[in-house]
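Undergrad: Before I ask anything, let me first share the structure, which is written out below as structure tokens.
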Amino acid sequence: MSIVVEGLEKRFGARVAVTGLTFEVKPGEVFGLLGPNGAGKTTTVRMLTGLLLPSSGRGTVCGIELGAQSDGTALRKKVGLLTEQPGLYERLTARENLTFFMRLHELDETAAWQRANGYLRRFGLDGREDEPVGGFSKGMRQKLAIVRTLLHEPEVIFLDEPTSGLDPQSARTVRDAVAELSAEGRTLVLCSHNLAEVERLCTRVAVVKSHLRTVAALRELRREGLALEIVVEGEAAALVPALSSLPFKPAAHHEGSRLKVMLADEAQAPDVVAALVHAGARIHSVARAARPLEEAYLELVREEDAP
């Protein structure tokens, strides 16, 4: 396993930032780490990259044990970390930034620049190497930070909101790069609030809110519960109020003429259709659909808040 953690916990004085972390991540897997702001995701990543010592529990990343006796330098040579804020030196050029990090990792600069030039071309930054980073757009800085993260060919890569600030084409380039890195056998841990992106990239996710709520394959999370996809004539948004009259008050999402209704039980489906017809809907089709990850995620977070 690339990552194994058992009962990992981090306390800051009397405050418990995160506790009860137990999961494994396989080589080549794209693993999602989800949770609301303040849930402990960043603290978890800092422990797994050797930037913070766990208060209790145990774990290994790339075969290196986490804890006071571990060699944090050895661990950081095997992992790459892209933080939400790129953390580049704005007065330096892109070339100077990358050279600094090559030397920090004690890399052979000739080989490292061959890799860097390939990534710079992929992300559309070739030809901009000698410009100060302070003049780059947010998206350009993010792409340069991704190149920096990959310079030392890490075995495990932690990505915190990797497509933040990117235009759609650049975001797709990043997603394609993630898929290619996974195919090469690298392990990736993705922290993101973009659940559509998580659905595209990840095979399994962990949901954290102070403590670990669940670890599951996406297909398992989406299988629990039932979603109906109903295609109607006209705009589906106008029909959502009709569902509030039902005693079980189902959640619903709409887009154009499509209405996706979340149900706890298959027996509720006829009542939904009847309520829509009673409201004047002309229904073209009704089909069972996979439950959106967003709905499963929000349900887990709500359960955390329940007494």
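Following the order of the structure tokens, chains are lettered A, B, ..., residues in each are numbered from 1, and ligands are numbered from 1.
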Extract, using only C-alpha atoms, all DNA, RNA and protein residues at most 8 Å from region 277-290 of chain A, discarding same-chain residues fewer than 5 positions from it, and format them as a PyMOL selection string.

TA: chain A and resi 222-223+226-233+239+242

Undergrad: Let me see the file: selected residues, N, CA and C atoms, as a compact mmCIF listing (two decimals), in the first residue's frame.

TA:
```txt
# COMPACT_ATOMS: atom_id res chain seq x y z
N ARG A 222 -22.90 6.14 -4.14
CA ARG A 222 -23.99 6.57 -5.00
C ARG A 222 -25.11 5.53 -5.08
N ARG A 223 -24.80 4.28 -4.71
CA ARG A 223 -25.80 3.22 -4.78
C ARG A 223 -26.80 3.31 -3.63
N LEU A 226 -32.00 6.03 -3.72
CA LEU A 226 -32.52 5.94 -5.08
C LEU A 226 -32.67 7.33 -5.66
N ALA A 227 -32.30 7.48 -6.91
CA ALA A 227 -32.53 8.73 -7.63
C ALA A 227 -33.40 8.45 -8.84
N LEU A 228 -34.41 9.27 -9.04
CA LEU A 228 -35.24 9.20 -10.23
C LEU A 228 -34.87 10.37 -11.14
N GLU A 229 -34.63 10.08 -12.41
CA GLU A 229 -34.40 11.16 -13.37
C GLU A 229 -35.64 11.26 -14.25
N ILE A 230 -36.28 12.41 -14.18
CA ILE A 230 -37.56 12.62 -14.86
C ILE A 230 -37.37 13.73 -15.89
N VAL A 231 -37.73 13.44 -17.11
CA VAL A 231 -37.66 14.44 -18.18
C VAL A 231 -39.07 14.94 -18.44
N VAL A 232 -39.25 16.25 -18.37
CA VAL A 232 -40.58 16.85 -18.52
C VAL A 232 -40.58 17.82 -19.70
N GLU A 233 -41.74 18.24 -20.07
CA GLU A 233 -41.87 19.27 -21.10
C GLU A 233 -41.71 20.63 -20.44
N LEU A 239 -41.55 22.80 -11.40
CA LEU A 239 -42.27 21.68 -10.78
C LEU A 239 -41.73 21.31 -9.39
N ALA A 242 -44.02 21.44 -6.26
CA ALA A 242 -45.04 20.39 -6.14
C ALA A 242 -44.58 19.25 -5.25
```

Undergrad: For region 216-218 of chain A, work out the shell of residues within 9 Å, counting only C-alpha atoms and skipping chain neighbours fewer than 6 positions away, then give it as a ChimeraX atom specification.

TA: /A:199,202-207,293

Undergrad: Those selected residues, please, written with C-alpha atoms and delivered as a short mmCIF file (atom, residue, chain, number, x, y, z; two decimals), in the first residue's frame.

TA:
```cif
data_model
loop_
_atom_site.label_atom_id
_atom_site.label_comp_id
_atom_site.auth_asym_id
_atom_site.auth_seq_id
_atom_site.Cartn_x
_atom_site.Cartn_y
_atom_site.Cartn_z
CA GLU A 199 -16.50 11.94 -9.56
CA CYS A 202 -11.41 9.30 -7.96
CA THR A 203 -12.17 5.64 -7.41
CA ARG A 204 -12.63 5.91 -3.64
CA VAL A 205 -13.13 8.75 -1.17
CA ALA A 206 -12.80 9.40 2.55
CA VAL A 207 -15.21 11.88 4.13
CA LEU A 293 -22.07 12.27 -5.17
#
```

Undergrad: Return as a PyMOL selection string the full set of residues in region 62-217 of chain A whose backbone-based DSSP assignment is helix (DSSP H, G or I).

TA: chain A and resi 72-78+94-104+109-122+133-135+138-150+168-183+195-201

Undergrad: Do you know which residues are at most 10 Å from Cys62 (chain A) counting only C-alpha atoms, after dropping those on the same chain fewer than 3 positions away, and could you put them as a ChimeraX atom specification?

TA: /A:1-4,27,65,74-75,78-79,154-156,187

Undergrad: With N, CA and C atoms kept, could you save the residues just selected as a JSON list (two decimals), in the first residue's frame?

TA:
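And here is the file that came out, selection.json:
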```
[["chain", "number", "residue", "atom", "x", "y", "z"],
["A", 1, "MET", "N", 0.83, -1.20, 0.00],
["A", 1, "MET", "CA", 0.00, 0.00, 0.00],
["A", 1, "MET", "C", 0.87, 1.26, 0.00],
["A", 2, "SER", "N", 0.44, 2.28, -0.71],
["A", 2, "SER", "CA", 1.18, 3.54, -0.72],
["A", 2, "SER", "C", 0.99, 4.30, 0.58],
["A", 3, "ILE", "N", -0.23, 4.26, 1.13],
["A", 3, "ILE", "CA", -0.54, 4.95, 2.39],
["A", 3, "ILE", "C", -1.33, 3.99, 3.27],
["A", 4, "VAL", "N", -0.91, 3.88, 4.53],
["A", 4, "VAL", "CA", -1.65, 3.11, 5.52],
["A", 4, "VAL", "C", -1.68, 3.93, 6.81],
["A", 27, "PRO", "N", -1.37, 1.70, -4.54],
["A", 27, "PRO", "CA", -0.53, 2.31, -5.58],
["A", 27, "PRO", "C", -1.34, 2.55, -6.86],
["A", 65, "GLU", "N", 7.56, 5.38, 8.09],
["A", 65, "GLU", "CA", 6.66, 5.57, 9.22],
["A", 65, "GLU", "C", 6.51, 7.04, 9.58],
["A", 74, "ALA", "N", 13.41, 12.21, 4.14],
["A", 74, "ALA", "CA", 13.24, 11.06, 3.24],
["A", 74, "ALA", "C", 11.81, 10.98, 2.72],
["A", 75, "LEU", "N", 10.85, 11.27, 3.59],
["A", 75, "LEU", "CA", 9.45, 11.22, 3.18],
["A", 75, "LEU", "C", 9.16, 12.30, 2.14],
["A", 78, "LYS", "N", 9.80, 11.60, -1.42],
["A", 78, "LYS", "CA", 8.93, 10.64, -2.08],
["A", 78, "LYS", "C", 7.52, 11.16, -2.33],
["A", 79, "VAL", "N", 7.18, 12.30, -1.73],
["A", 79, "VAL", "CA", 5.83, 12.85, -1.91],
["A", 79, "VAL", "C", 5.90, 14.23, -2.55],
["A", 154, "PRO", "N", 7.61, 12.42, -7.62],
["A", 154, "PRO", "CA", 7.15, 11.79, -6.37],
["A", 154, "PRO", "C", 6.31, 10.54, -6.62],
["A", 155, "GLU", "N", 6.38, 9.61, -5.67],
["A", 155, "GLU", "CA", 5.56, 8.39, -5.75],
["A", 155, "GLU", "C", 4.11, 8.68, -5.37],
["A", 156, "VAL", "N", 3.92, 9.56, -4.38],
["A", 156, "VAL", "CA", 2.58, 9.93, -3.92],
["A", 156, "VAL", "C", 2.45, 11.44, -4.06],
["A", 187, "THR", "N", 0.49, 7.39, -7.04],
["A", 187, "THR", "CA", -0.69, 7.49, -6.19],
["A", 187, "THR", "C", -1.02, 8.96, -5.98]]
```

Undergrad: From a DSSP calculation on the backbone, collect every residue of region 197-247 of chain A in strand (DSSP E or B) and output the set as a ChimeraX atom specification.

TA: /A:204-209,211-217,226-232

Undergrad: Using only C-alpha atoms, determine which residues lie at most 9 Å from Met262 (chain A), disregarding the query and same-chain residues fewer than 6 positions distant; provide the list as a ChimeraX atom specification.

TA: /A:225-228,250-253,291,295

Undergrad: Just the number, please: distance in Å from CA of Glu29 (chain A) to CA of Val198 (chain A), one decimal.

TA: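 Spanning CA of Glu29 (chain A) to CA of Val198 (chain A) is a straight-line distance of 12.7 Å.
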